[in-house]
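Below is the file structure-v6.txt, which contains compact mmCIF, C-alpha atoms.
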```
# COMPACT_ATOMS: atom_id res chain seq x y z
CA MET A 3 50.98 -6.75 79.82
CA THR A 4 50.50 -5.95 76.16
CA PRO A 5 48.64 -8.54 74.02
CA LYS A 6 51.82 -9.18 72.04
CA ARG A 7 53.84 -9.98 75.16
CA ARG A 8 51.05 -12.13 76.55
CA GLN A 9 51.00 -14.09 73.30
CA LYS A 10 54.75 -14.56 73.44
CA LEU A 11 54.59 -15.74 77.05
CA LEU A 12 51.85 -18.23 76.18
CA ILE A 13 53.82 -19.56 73.19
CA ILE A 14 56.92 -20.08 75.35
CA LEU A 15 55.01 -21.73 78.20
CA GLY A 16 53.07 -23.91 75.76
CA GLY A 17 56.29 -24.96 74.05
CA LEU A 18 57.81 -25.84 77.42
CA VAL A 19 54.80 -27.95 78.40
CA LEU A 20 54.96 -29.84 75.10
CA ALA A 21 58.72 -30.38 75.35
CA GLY A 22 58.30 -31.54 78.95
CA LEU A 23 55.57 -33.95 77.91
CA ALA A 24 57.71 -35.38 75.10
CA ILE A 25 60.70 -35.90 77.39
CA GLY A 26 58.47 -37.30 80.14
CA LEU A 27 56.94 -39.89 77.82
CA THR A 28 60.37 -40.85 76.45
CA LEU A 29 61.75 -41.37 79.95
CA TYR A 30 58.64 -43.36 80.88
CA ALA A 31 59.09 -45.61 77.85
CA LEU A 32 62.76 -46.11 78.65
CA ARG A 33 62.29 -46.63 82.40
CA ALA A 34 63.51 -50.23 82.31
CA ASN A 35 66.80 -49.05 80.81
CA ILE A 36 67.20 -46.10 83.14
CA ASN A 37 66.95 -48.27 86.25
CA LEU A 38 70.53 -48.95 87.27
CA PHE A 39 69.94 -52.52 88.44
CA PHE A 40 67.54 -55.44 88.54
CA SER A 41 66.07 -56.26 91.91
CA PRO A 42 65.93 -59.93 92.98
CA VAL A 43 62.16 -59.97 92.29
CA GLN A 44 62.72 -59.07 88.68
CA ILE A 45 65.45 -61.68 88.33
CA ALA A 46 63.24 -64.35 89.92
CA GLN A 47 60.57 -63.50 87.35
CA GLY A 48 63.05 -63.96 84.54
CA ASP A 49 63.21 -60.31 83.48
CA ALA A 50 67.01 -60.30 83.44
CA PRO A 51 69.02 -61.81 80.57
CA ILE A 52 71.27 -64.78 81.32
CA GLU A 53 75.06 -64.71 80.80
CA ARG A 54 75.17 -61.08 79.85
CA SER A 55 76.79 -58.37 81.93
CA ILE A 56 74.04 -56.88 84.10
CA ARG A 57 73.67 -55.21 87.47
CA ALA A 58 71.60 -56.46 90.37
CA GLY A 59 70.86 -54.58 93.57
CA GLY A 60 69.44 -55.22 97.01
CA LEU A 61 70.37 -55.55 100.64
CA VAL A 62 72.96 -58.07 101.82
CA LYS A 63 70.93 -60.65 103.74
CA GLU A 64 71.79 -60.91 107.43
CA GLY A 65 73.83 -64.03 108.18
CA SER A 66 74.31 -64.94 104.53
CA VAL A 67 77.92 -63.77 104.04
CA PHE A 68 80.38 -66.65 103.78
CA ARG A 69 84.07 -65.89 103.28
CA ASP A 70 86.57 -68.52 102.19
CA PRO A 71 89.45 -68.29 104.70
CA GLN A 72 91.99 -69.38 102.05
CA SER A 73 91.17 -66.91 99.29
CA LEU A 74 89.24 -63.76 98.44
CA ASP A 75 86.18 -65.80 97.48
CA VAL A 76 83.04 -64.57 99.15
CA GLU A 77 79.43 -65.66 98.83
CA PHE A 78 76.37 -63.79 100.00
CA ARG A 79 72.71 -63.41 99.23
CA ILE A 80 71.04 -60.14 98.31
CA THR A 81 67.38 -59.62 99.09
CA ASP A 82 64.57 -57.14 98.50
CA TYR A 83 62.50 -58.90 101.20
CA VAL A 84 60.46 -60.62 98.50
CA ASP A 85 63.02 -62.69 96.62
CA GLU A 86 66.69 -63.47 97.06
CA LEU A 87 69.66 -63.85 94.79
CA GLY A 88 72.83 -65.81 95.56
CA VAL A 89 76.02 -63.98 94.59
CA SER A 90 79.58 -65.25 94.38
CA TYR A 91 82.47 -62.85 94.09
CA ASN A 92 86.24 -62.97 94.10
CA GLY A 93 87.90 -59.72 95.05
CA ILE A 94 88.12 -56.93 97.57
CA LEU A 95 84.83 -55.71 98.97
CA PRO A 96 84.19 -51.98 99.53
CA ASP A 97 84.60 -50.69 103.08
CA LEU A 98 80.89 -50.11 103.49
CA PHE A 99 80.04 -53.72 102.62
CA ARG A 100 78.29 -55.40 105.54
CA GLU A 101 75.21 -57.42 106.31
CA GLY A 102 72.06 -55.34 105.93
CA GLN A 103 73.85 -52.85 103.66
CA GLY A 104 72.56 -51.97 100.19
CA VAL A 105 74.83 -53.17 97.37
CA VAL A 106 74.90 -53.16 93.59
CA VAL A 107 76.66 -56.14 92.01
CA VAL A 108 77.93 -56.10 88.44
CA GLY A 109 78.33 -59.45 86.71
CA LYS A 110 76.58 -62.26 84.92
CA LEU A 111 73.54 -64.28 85.86
CA GLN A 112 74.16 -67.99 85.36
CA ALA A 113 71.64 -70.44 83.94
CA ASP A 114 71.33 -72.08 87.39
CA GLY A 115 70.20 -68.77 88.92
CA ARG A 116 73.46 -67.86 90.63
CA PHE A 117 75.02 -64.48 90.05
CA VAL A 118 78.77 -64.31 89.45
CA ALA A 119 79.91 -60.79 90.24
CA ASP A 120 83.06 -59.16 88.99
CA LYS A 121 82.42 -55.94 90.88
CA VAL A 122 80.61 -55.13 94.11
CA LEU A 123 79.54 -51.55 94.84
CA ALA A 124 78.15 -50.39 98.18
CA ARG A 125 75.09 -48.20 98.36
CA HIS A 126 74.44 -46.08 101.35
CA ASP A 127 71.24 -44.48 102.52
CA GLU A 128 70.53 -40.82 103.16
CA ASN A 129 70.77 -41.22 106.94
CA TYR A 130 73.94 -39.89 108.46
CA MET A 131 74.69 -40.00 112.16
CA PRO A 132 77.62 -39.78 114.55
CA PRO A 133 79.00 -43.16 115.72
CA GLU A 134 77.71 -42.63 119.28
CA VAL A 135 74.16 -42.14 118.03
CA ALA A 136 74.41 -45.27 115.87
CA GLN A 137 75.66 -47.23 118.88
CA ALA A 138 72.84 -45.94 121.06
CA LEU A 139 70.28 -46.91 118.42
CA GLU A 140 71.78 -50.36 118.15
CA ASP A 141 71.72 -50.79 121.92
CA ALA A 142 68.06 -49.82 121.86
CA GLY A 143 67.35 -52.60 119.37
CA TYR A 144 66.85 -50.36 116.37
CA SER A 145 66.83 -51.84 112.87
CA PRO A 146 66.97 -49.94 109.54
CA ALA A 147 63.17 -50.13 109.42
CA ASP A 148 62.67 -47.28 106.97
CA TYR A 149 64.82 -48.92 104.38
CA GLN A 150 63.22 -52.32 104.80
CA GLU A 151 59.78 -50.82 104.49
CA LYS A 152 60.74 -49.06 101.28
CA ALA A 153 62.29 -52.20 99.78
CA ALA A 154 59.22 -54.27 100.63
CA GLU A 155 57.01 -51.62 99.04
CA VAL A 156 59.04 -51.77 95.83
CA GLY A 157 58.78 -55.55 95.84
CA LYS A 158 55.00 -55.41 96.24
CA ARG A 159 54.69 -52.95 93.39
CA LEU A 160 56.81 -55.09 91.11
CA ASN A 161 54.79 -58.19 92.00
CA LYS A 162 51.60 -56.35 91.19
CA GLN A 163 53.03 -55.20 87.88
CA ALA A 164 54.05 -58.75 87.01
CA SER A 165 50.65 -60.23 87.82
CA GLU A 166 48.84 -57.71 85.66
CA MET B 18 55.37 -2.52 93.09
CA TRP B 19 55.60 -2.42 89.29
CA THR B 20 57.50 0.85 89.26
CA PHE B 21 59.96 -0.70 91.72
CA ILE B 22 60.59 -3.64 89.40
CA HIS B 23 60.81 -1.35 86.39
CA LYS B 24 63.48 0.71 88.12
CA TRP B 25 65.64 -2.42 88.46
CA GLY B 26 65.29 -2.98 84.74
CA SER B 27 67.16 0.23 84.09
CA PRO B 28 70.91 -0.40 83.73
CA LYS B 29 71.80 2.89 85.42
CA TRP B 30 69.62 2.20 88.47
CA PHE B 31 70.82 -1.41 88.65
CA TYR B 32 74.42 -0.26 88.48
CA SER B 33 74.14 2.17 91.35
CA MET B 34 71.96 -0.07 93.58
CA SER B 35 73.99 -3.23 93.02
CA GLY B 36 77.11 -1.26 93.90
CA LYS B 37 75.59 -0.55 97.32
CA LEU B 38 74.33 -4.11 97.89
CA GLN B 39 77.40 -5.95 96.64
CA PRO B 40 79.74 -5.51 99.65
CA TRP B 41 77.07 -6.82 102.03
CA PHE B 42 76.60 -10.03 100.06
CA TRP B 43 80.37 -10.52 99.79
CA THR B 44 80.87 -10.05 103.53
CA VAL B 45 78.00 -12.35 104.53
CA SER B 46 78.98 -15.04 102.04
CA LEU B 47 82.66 -15.12 103.03
CA LEU B 48 81.70 -15.15 106.69
CA LEU B 49 79.20 -18.01 106.26
CA ILE B 50 81.54 -20.07 104.09
CA ALA B 51 84.43 -19.60 106.55
CA VAL B 52 82.27 -20.59 109.53
CA GLY B 53 80.65 -23.49 107.63
CA THR B 54 83.98 -24.86 106.39
CA LEU B 55 85.62 -24.74 109.80
CA TRP B 56 82.58 -26.19 111.55
CA GLY B 57 81.95 -28.87 108.95
CA LEU B 58 85.53 -30.02 108.52
CA ALA B 59 86.80 -29.72 112.07
CA PHE B 60 83.94 -29.79 114.57
CA ALA B 61 80.97 -31.68 113.11
CA PRO B 62 80.94 -35.37 114.11
CA ALA B 63 82.10 -38.04 111.65
CA ASP B 64 79.56 -40.46 110.19
CA TYR B 65 79.10 -43.87 111.84
CA GLN B 66 79.65 -45.73 108.55
CA GLN B 67 81.72 -43.46 106.33
CA GLY B 68 83.90 -41.79 108.92
CA ASN B 69 85.55 -38.59 107.80
CA SER B 70 84.89 -38.98 104.06
CA PHE B 71 81.32 -37.96 104.89
CA ARG B 72 82.60 -34.38 105.27
CA ILE B 73 82.69 -34.02 101.49
CA ILE B 74 78.96 -33.39 101.89
CA TYR B 75 79.79 -29.86 103.06
CA VAL B 76 81.01 -28.99 99.57
CA HIS B 77 79.09 -31.49 97.46
CA VAL B 78 75.54 -30.64 98.52
CA PRO B 79 75.87 -26.80 98.42
CA ALA B 80 77.52 -27.01 94.98
CA ALA B 81 74.79 -29.29 93.65
CA PHE B 82 72.02 -27.08 95.10
CA LEU B 83 73.61 -23.98 93.64
CA ALA B 84 74.18 -25.53 90.21
CA GLN B 85 70.48 -26.32 89.88
CA SER B 86 69.34 -22.99 91.34
CA ILE B 87 71.61 -21.11 88.94
CA PHE B 88 70.11 -22.94 86.00
CA VAL B 89 66.58 -22.07 87.14
CA SER B 90 67.53 -18.40 87.71
CA MET B 91 69.20 -18.28 84.31
CA ALA B 92 66.07 -19.72 82.66
CA ALA B 93 63.85 -17.24 84.54
CA ALA B 94 66.07 -14.37 83.39
CA ALA B 95 65.90 -15.75 79.84
CA LEU B 96 62.09 -15.81 80.01
CA VAL B 97 61.98 -12.20 81.25
CA PHE B 98 64.31 -11.21 78.43
CA MET B 99 62.33 -13.02 75.75
CA VAL B 100 58.90 -11.78 76.83
CA TRP B 101 59.57 -8.30 78.23
CA LYS B 102 62.78 -7.48 76.31
CA ILE B 103 64.51 -6.34 79.48
CA LYS B 104 68.19 -6.14 78.62
CA ILE B 105 69.42 -6.38 82.18
CA ALA B 106 67.84 -9.86 82.44
CA ASP B 107 69.89 -11.01 79.46
CA MET B 108 73.06 -9.58 80.99
CA ALA B 109 72.35 -11.43 84.26
CA ALA B 110 71.71 -14.67 82.35
CA THR B 111 75.00 -14.19 80.49
CA VAL B 112 77.10 -13.88 83.63
CA MET B 113 75.33 -16.69 85.53
CA ALA B 114 76.18 -19.45 83.06
CA PRO B 115 79.94 -19.82 83.76
CA LEU B 116 79.43 -19.96 87.54
CA GLY B 117 76.70 -22.55 87.00
CA ALA B 118 79.03 -24.68 84.89
CA VAL B 119 81.75 -24.44 87.54
CA MET B 120 79.34 -25.40 90.34
CA THR B 121 78.04 -28.38 88.34
CA PHE B 122 81.62 -29.50 87.78
CA VAL B 123 82.40 -29.09 91.50
CA ALA B 124 79.35 -31.20 92.38
CA LEU B 125 80.32 -33.93 89.89
CA PHE B 126 83.97 -33.90 90.90
CA SER B 127 83.36 -33.92 94.67
CA GLY B 128 80.80 -36.68 94.09
CA ALA B 129 83.37 -38.76 92.21
CA VAL B 130 85.94 -38.26 94.97
CA TRP B 131 83.31 -39.24 97.53
CA GLY B 132 82.19 -42.21 95.46
CA VAL B 133 85.56 -43.97 95.50
CA PRO B 134 85.71 -44.66 99.28
CA THR B 135 81.95 -45.19 99.76
CA TRP B 136 80.58 -46.89 96.66
CA GLY B 137 83.80 -48.34 95.33
CA THR B 138 83.60 -46.49 92.01
CA TRP B 139 83.96 -42.89 90.92
CA TRP B 140 81.42 -43.03 88.14
CA MET B 141 78.30 -45.04 87.35
CA TRP B 142 75.76 -44.29 84.65
CA ASP B 143 72.89 -44.02 87.05
CA ALA B 144 70.05 -41.56 86.54
CA ARG B 145 71.26 -38.96 89.07
CA LEU B 146 74.86 -38.82 87.84
CA THR B 147 73.89 -38.85 84.18
CA SER B 148 71.27 -36.09 84.50
CA MET B 149 73.81 -33.98 86.40
CA LEU B 150 76.32 -34.50 83.57
CA ILE B 151 73.63 -33.37 81.14
CA LEU B 152 73.23 -30.22 83.25
CA LEU B 153 76.95 -29.51 82.78
CA PHE B 154 76.58 -29.94 79.01
CA LEU B 155 73.52 -27.65 79.03
CA PHE B 156 75.52 -24.93 80.79
CA LEU B 157 78.38 -25.33 78.32
CA GLY B 158 75.87 -25.36 75.45
CA VAL B 159 74.29 -22.09 76.65
CA ILE B 160 77.72 -20.46 76.90
CA ALA B 161 78.81 -21.72 73.48
CA LEU B 162 75.53 -20.87 71.76
CA ARG B 163 75.64 -17.30 73.02
CA SER B 164 78.98 -16.65 71.37
CA ALA B 165 78.25 -18.64 68.21
CA PHE B 166 76.46 -15.75 66.47
CA THR B 167 77.94 -12.58 65.03
CA SER B 168 75.04 -10.48 66.27
CA ARG B 169 74.68 -10.38 70.03
CA ASP B 170 70.90 -10.33 69.86
CA SER B 171 70.68 -13.62 67.93
CA GLY B 172 73.10 -15.21 70.38
CA SER B 173 71.02 -14.01 73.33
CA ARG B 174 67.82 -15.40 71.85
CA ALA B 175 69.32 -18.79 71.03
CA ALA B 176 70.91 -19.09 74.48
CA SER B 177 67.62 -18.05 76.12
CA VAL B 178 65.67 -20.75 74.28
CA LEU B 179 68.18 -23.43 75.28
CA ALA B 180 68.12 -22.24 78.90
CA MET B 181 64.31 -22.36 79.02
CA VAL B 182 64.06 -25.81 77.43
CA GLY B 183 66.92 -27.11 79.57
CA VAL B 184 64.99 -26.33 82.73
CA ILE B 185 63.05 -29.58 82.11
CA ASN B 186 66.20 -31.39 83.25
CA ILE B 187 65.93 -29.88 86.75
CA PRO B 188 62.94 -31.95 88.01
CA ILE B 189 64.58 -34.99 86.39
CA ILE B 190 67.72 -34.44 88.48
CA LYS B 191 65.70 -33.82 91.61
CA TYR B 192 63.41 -36.85 91.35
CA SER B 193 65.81 -39.25 89.58
CA VAL B 194 66.60 -40.96 92.88
CA ASP B 195 62.90 -41.53 93.59
CA TRP B 196 61.71 -42.51 90.13
CA TRP B 197 64.40 -45.06 89.28
CA PHE B 198 66.80 -47.46 91.00
CA THR B 199 70.05 -45.53 91.34
CA LEU B 200 73.38 -45.92 93.08
CA HIS B 201 72.96 -42.43 94.53
CA GLN B 202 70.90 -42.34 97.71
CA PRO B 203 67.73 -40.21 98.09
CA ALA B 204 67.96 -36.62 99.29
CA THR B 205 69.00 -35.89 102.87
CA PHE B 206 67.23 -32.52 102.84
CA ARG B 207 63.55 -32.49 101.98
CA VAL B 208 61.01 -29.71 102.13
CA THR B 209 58.34 -32.03 103.49
CA SER B 210 60.22 -33.64 106.38
CA SER B 211 63.03 -32.92 108.80
CA PRO B 212 66.56 -33.71 107.57
CA SER B 213 67.72 -37.27 108.11
CA MET B 214 70.78 -36.27 110.08
CA PRO B 215 71.22 -34.76 113.56
CA THR B 216 71.41 -31.00 114.10
CA GLU B 217 75.16 -30.87 114.73
CA MET B 218 75.60 -32.29 111.23
CA TRP B 219 73.03 -30.34 109.22
CA LEU B 220 73.53 -26.92 110.81
CA PRO B 221 77.01 -26.43 109.30
CA LEU B 222 75.64 -27.78 106.02
CA LEU B 223 72.83 -25.21 106.09
CA ILE B 224 75.38 -22.47 106.78
CA MET B 225 77.45 -23.61 103.81
CA VAL B 226 74.38 -23.67 101.55
CA LEU B 227 73.41 -20.13 102.57
CA GLY B 228 77.02 -19.00 102.12
CA PHE B 229 77.12 -20.46 98.61
CA TYR B 230 73.85 -18.70 97.72
CA CYS B 231 75.17 -15.34 98.97
CA PHE B 232 78.35 -15.94 96.98
CA PHE B 233 76.24 -16.53 93.87
CA ILE B 234 74.27 -13.31 94.42
CA ALA B 235 77.43 -11.27 95.11
CA LEU B 236 79.26 -12.62 92.08
CA THR B 237 76.23 -12.15 89.82
CA LEU B 238 75.86 -8.52 90.93
CA MET B 239 79.54 -7.87 90.39
CA ARG B 240 79.71 -9.47 86.96
CA THR B 241 76.42 -7.95 85.79
CA ARG B 242 77.89 -4.53 86.66
CA SER B 243 80.88 -5.08 84.42
CA GLU B 244 78.59 -6.48 81.71
CA ILE B 245 76.51 -3.26 81.94
CA LEU B 246 79.62 -1.13 81.50
CA ARG B 247 80.71 -3.21 78.53
CA ARG B 248 77.36 -3.08 76.74
CA GLU B 249 76.48 0.52 77.58
CA ALA B 250 79.99 1.88 77.04
CA ASN B 251 78.82 4.54 74.60
CA LYS B 252 75.86 5.71 76.71
CA ARG B 253 75.98 9.15 78.25
CA TRP B 254 75.82 8.08 81.91
CA VAL B 255 78.63 5.56 81.53
CA MET B 256 80.85 8.17 79.85
CA ASP B 257 80.12 10.60 82.69
CA LEU B 258 80.99 7.86 85.17
CA MET B 259 84.30 7.25 83.44
CA LYS B 260 85.12 10.97 83.41
CA GLU B 261 84.47 11.13 87.15
CA ALA B 262 86.78 8.20 87.75
CA HIS B 263 89.63 9.89 85.93
```
If you convert what's in this file into structure tokens, what do you get?
Amino acid sequence: MTPKRRQKLLIILGGLVLAGLAIGLTLYALRANINLFFSPVQIAQGDAPIERSIRAGGLVKEGSVFRDPQSLDVEFRITDYVDELGVSYNGILPDLFREGQGVVVVGKLQADGRFVADKVLARHDENYMPPEVAQALEDAGYSPADYQEKAAEVGKRLNKQASE
Amino acid sequence: MWTFIHKWGSPKWFYSMSGKLQPWFWTVSLLLIAVGTLWGLAFAPADYQQGNSFRIIYVHVPAAFLAQSIFVSMAAAALVFMVWKIKIADMAATVMAPLGAVMTFVALFSGAVWGVPTWGTWWMWDARLTSMLILLFLFLGVIALRSAFTSRDSGSRAASVLAMVGVINIPIIKYSVDWWFTLHQPATFRVTSSPSMPTEMWLPLLIMVLGFYCFFIALTLMRTRSEILRREANKRWVMDLMKEAH
């Protein structure tokens, strides 16, 4: 490699490292805005604004879904295994909505701590399996342990951040 | 080793060698895509939660993989062009950009179609979807910038710089689902661990991914050949070639 080419290569690579650093720092500074939703821990700590349209996310707590038989009203609690958030919603739920499923709710946090959603979105995890396999796992007493573990880890990290 | 690489930098050598390689890549890619499509759409099992809409994965994931790989290849070609002044690298970068833009669009579109039945929305400004949209704009920007100059050389340099800087977006796309809370789930395929789906589901997906990569190679070879003919039209060997054809 001629000295001139080497110099050019170094200039380009150096420029890329600097640009990467600048973008990395910007994204780091904006991380709170890039996160799509608040987790219940953050809401419990008062990080989320009240009566403004926000998004909250977590898992639908087992046994917390209550449907009004007369209307489309539904109430459930979402959890990150550290804190919980009560959500009320009026509308049609996505097909994937079920207890233990990850959801993102769009709506407003009320002063009394309840969340009134005007949209409910289902998340799904990266695990795909045929129905027979899922049934076999369920029969064997399997629970979505990986996901729970991850959520609890996030909760712990957020708690640590808050106490610092 | 170096002489071998230098040979490929010569348009004439590239033209004759790529002509020999091209049919193989076309055959393999069409074969793999046909097998993968049939297997994925008709024979692979449905998902326990999503049912048949899960099958969109067999287009969505290969398109998304390819879109990112094309951007990285284009940036690598741009670097080779800028540092070593190898013209063939610039020609390859030129012809890769449109396919990359198309693949990014396919990934975004198939994702939106998939999002409606699973998430309940076709678009959400989460980190993964937004960074992928930025990738589409980067591809379009590279294409537009190249043709925005009267001199081809200035256009090539400007497009190369944008391609090299834009490569910073690739790790952002890849890790967006791990760094931030997103609606999009984490990756199913990881280098470090086995895929989080059974073999009868990921094998057709792997076949589709390989088929898409072969398609990319075949199309790049084919389009680089026509780019060579266009740019070297007044060179002796191209004129001889044309005389032979007549």
Within 7 Å of chain A, which residues of chain B show up? Give each one with its shortest atom-to-atom distance in Å (one decimal) and the two atoms involved, counting all atoms listed in the file, rows by chain then rising residue number, as CSV.
```
residue,atom,partner,partner_atom,distance
B:Pro62,CA,A:Pro132,CA,5.5
B:Ala63,CA,A:Pro132,CA,5.6
B:Asp64,CA,A:Pro132,CA,4.8
B:Tyr65,CA,A:Pro133,CA,3.9
B:Gln66,CA,A:Leu98,CA,6.8
B:Val100,CA,A:Arg7,CA,5.6
B:Trp101,CA,A:Arg7,CA,6.7
B:Thr135,CA,A:Leu98,CA,6.3
B:Trp136,CA,A:Ala124,CA,4.5
B:Gly137,CA,A:Leu123,CA,5.4
B:Asp143,CA,A:Leu38,CA,5.5
B:Ala144,CA,A:Ile36,CA,6.3
B:Val182,CA,A:Leu18,CA,6.3
B:Ile185,CA,A:Gly22,CA,6.0
B:Trp197,CA,A:Asn37,CA,5.1
B:Phe198,CA,A:Asn37,CA,4.8
B:Thr199,CA,A:Leu38,CA,5.3
B:Leu200,CA,A:Arg125,CA,6.0
B:Gln202,CA,A:Asp127,CA,5.3
B:Pro203,CA,A:Glu128,CA,5.8
B:Ala204,CA,A:Glu128,CA,6.3
B:Thr205,CA,A:Glu128,CA,5.2
B:Ser213,CA,A:Asn129,CA,5.1
B:Met214,CA,A:Tyr130,CA,5.1
B:Pro215,CA,A:Met131,CA,6.4
```
Exercise for review: Check the smallest atom-to-atom distance from each of B:Ile105, B:Ala118, B:Leu48, B:Leu58 to Phe88 of chain B using only C-alpha atoms, then report the winner.
Suggested key: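 Looking only at the distances to Phe88 of chain B, the closest residue turns out to be B:Ala118.
Separating atom CA of Pro5 of chain A from atom CA of Ser168 of chain B is a distance of 27.6 Å.
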I want to know what sits within 8 Å of Ala61 of chain B, based on only C-alpha atoms, with residues of the same chain fewer than 5 positions away left out; could you give that as an mmCIF file with C-alpha atoms, keeping the file's coordinate frame?
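For reference, out-v5.cif as written:
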```cif
data_model
loop_
_atom_site.group_PDB
_atom_site.id
_atom_site.type_symbol
_atom_site.label_atom_id
_atom_site.label_comp_id
_atom_site.auth_asym_id
_atom_site.auth_seq_id
_atom_site.Cartn_x
_atom_site.Cartn_y
_atom_site.Cartn_z
ATOM 1 C CA TRP B 56 82.580 -26.190 111.550
ATOM 2 C CA GLU B 217 75.160 -30.870 114.730
ATOM 3 C CA MET B 218 75.600 -32.290 111.230
ATOM 4 C CA PRO B 221 77.010 -26.430 109.300
#
```
Check your understanding: Which polymer residues have any atom within 9 Å of an atom of Trp254 of chain B, counting only C-alpha atoms, with same-chain residues fewer than 5 positions away left out, as a PyMOL selection string?
Key -> chain B and resi 29+249+259
Can you complete the atoms of segment 100-119 of chain A to N, CA and C atoms and list them as a PDB file, keeping the file's coordinate frame?
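Output saved as result01.pdb:
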```pdb
ATOM      1  N   ARG A 100      78.588 -54.650 104.319  1.00  0.00           N
ATOM      2  CA  ARG A 100      78.290 -55.400 105.540  1.00  0.00           C
ATOM      3  C   ARG A 100      76.884 -55.952 105.429  1.00  0.00           C
ATOM      4  N   GLU A 101      76.549 -56.836 106.354  1.00  0.00           N
ATOM      5  CA  GLU A 101      75.210 -57.420 106.310  1.00  0.00           C
ATOM      6  C   GLU A 101      74.180 -56.337 106.571  1.00  0.00           C
ATOM      7  N   GLY A 102      73.113 -56.345 105.785  1.00  0.00           N
ATOM      8  CA  GLY A 102      72.060 -55.340 105.930  1.00  0.00           C
ATOM      9  C   GLY A 102      72.310 -54.107 105.085  1.00  0.00           C
ATOM     10  N   GLN A 103      73.510 -54.024 104.470  1.00  0.00           N
ATOM     11  CA  GLN A 103      73.850 -52.850 103.660  1.00  0.00           C
ATOM     12  C   GLN A 103      73.335 -53.022 102.228  1.00  0.00           C
ATOM     13  N   GLY A 104      72.955 -51.917 101.594  1.00  0.00           N
ATOM     14  CA  GLY A 104      72.560 -51.970 100.190  1.00  0.00           C
ATOM     15  C   GLY A 104      73.787 -52.124  99.312  1.00  0.00           C
ATOM     16  N   VAL A 105      73.716 -53.007  98.306  1.00  0.00           N
ATOM     17  CA  VAL A 105      74.830 -53.170  97.370  1.00  0.00           C
ATOM     18  C   VAL A 105      74.305 -53.259  95.944  1.00  0.00           C
ATOM     19  N   VAL A 106      75.176 -52.922  95.006  1.00  0.00           N
ATOM     20  CA  VAL A 106      74.900 -53.160  93.590  1.00  0.00           C
ATOM     21  C   VAL A 106      76.012 -54.078  93.103  1.00  0.00           C
ATOM     22  N   VAL A 107      75.647 -55.225  92.522  1.00  0.00           N
ATOM     23  CA  VAL A 107      76.660 -56.140  92.010  1.00  0.00           C
ATOM     24  C   VAL A 107      76.629 -56.142  90.488  1.00  0.00           C
ATOM     25  N   VAL A 108      77.825 -56.100  89.895  1.00  0.00           N
ATOM     26  CA  VAL A 108      77.930 -56.100  88.440  1.00  0.00           C
ATOM     27  C   VAL A 108      78.484 -57.459  88.036  1.00  0.00           C
ATOM     28  N   GLY A 109      77.840 -58.138  87.112  1.00  0.00           N
ATOM     29  CA  GLY A 109      78.330 -59.450  86.710  1.00  0.00           C
ATOM     30  C   GLY A 109      77.326 -60.162  85.842  1.00  0.00           C
ATOM     31  N   LYS A 110      77.441 -61.488  85.809  1.00  0.00           N
ATOM     32  CA  LYS A 110      76.580 -62.260  84.920  1.00  0.00           C
ATOM     33  C   LYS A 110      75.721 -63.238  85.703  1.00  0.00           C
ATOM     34  N   LEU A 111      74.460 -63.321  85.283  1.00  0.00           N
ATOM     35  CA  LEU A 111      73.540 -64.280  85.860  1.00  0.00           C
ATOM     36  C   LEU A 111      73.757 -65.615  85.159  1.00  0.00           C
ATOM     37  N   GLN A 112      73.941 -66.676  85.952  1.00  0.00           N
ATOM     38  CA  GLN A 112      74.160 -67.990  85.360  1.00  0.00           C
ATOM     39  C   GLN A 112      72.826 -68.688  85.124  1.00  0.00           C
ATOM     40  N   ALA A 113      72.865 -69.717  84.276  1.00  0.00           N
ATOM     41  CA  ALA A 113      71.640 -70.440  83.940  1.00  0.00           C
ATOM     42  C   ALA A 113      71.018 -71.074  85.194  1.00  0.00           C
ATOM     43  N   ASP A 114      71.869 -71.431  86.193  1.00  0.00           N
ATOM     44  CA  ASP A 114      71.330 -72.080  87.390  1.00  0.00           C
ATOM     45  C   ASP A 114      70.808 -71.057  88.406  1.00  0.00           C
ATOM     46  N   GLY A 115      70.783 -69.777  88.039  1.00  0.00           N
ATOM     47  CA  GLY A 115      70.200 -68.770  88.920  1.00  0.00           C
ATOM     48  C   GLY A 115      71.202 -68.094  89.841  1.00  0.00           C
ATOM     49  N   ARG A 116      72.470 -68.530  89.803  1.00  0.00           N
ATOM     50  CA  ARG A 116      73.460 -67.860  90.630  1.00  0.00           C
ATOM     51  C   ARG A 116      73.994 -66.639  89.898  1.00  0.00           C
ATOM     52  N   PHE A 117      74.502 -65.692  90.639  1.00  0.00           N
ATOM     53  CA  PHE A 117      75.020 -64.480  90.050  1.00  0.00           C
ATOM     54  C   PHE A 117      76.518 -64.423  90.324  1.00  0.00           C
ATOM     55  N   VAL A 118      77.321 -64.410  89.268  1.00  0.00           N
ATOM     56  CA  VAL A 118      78.770 -64.310  89.450  1.00  0.00           C
ATOM     57  C   VAL A 118      79.167 -62.859  89.226  1.00  0.00           C
ATOM     58  N   ALA A 119      79.608 -62.225  90.309  1.00  0.00           N
ATOM     59  CA  ALA A 119      79.910 -60.790  90.240  1.00  0.00           C
ATOM     60  C   ALA A 119      81.376 -60.556  89.950  1.00  0.00           C
TER      61      ALA A 119
END
```
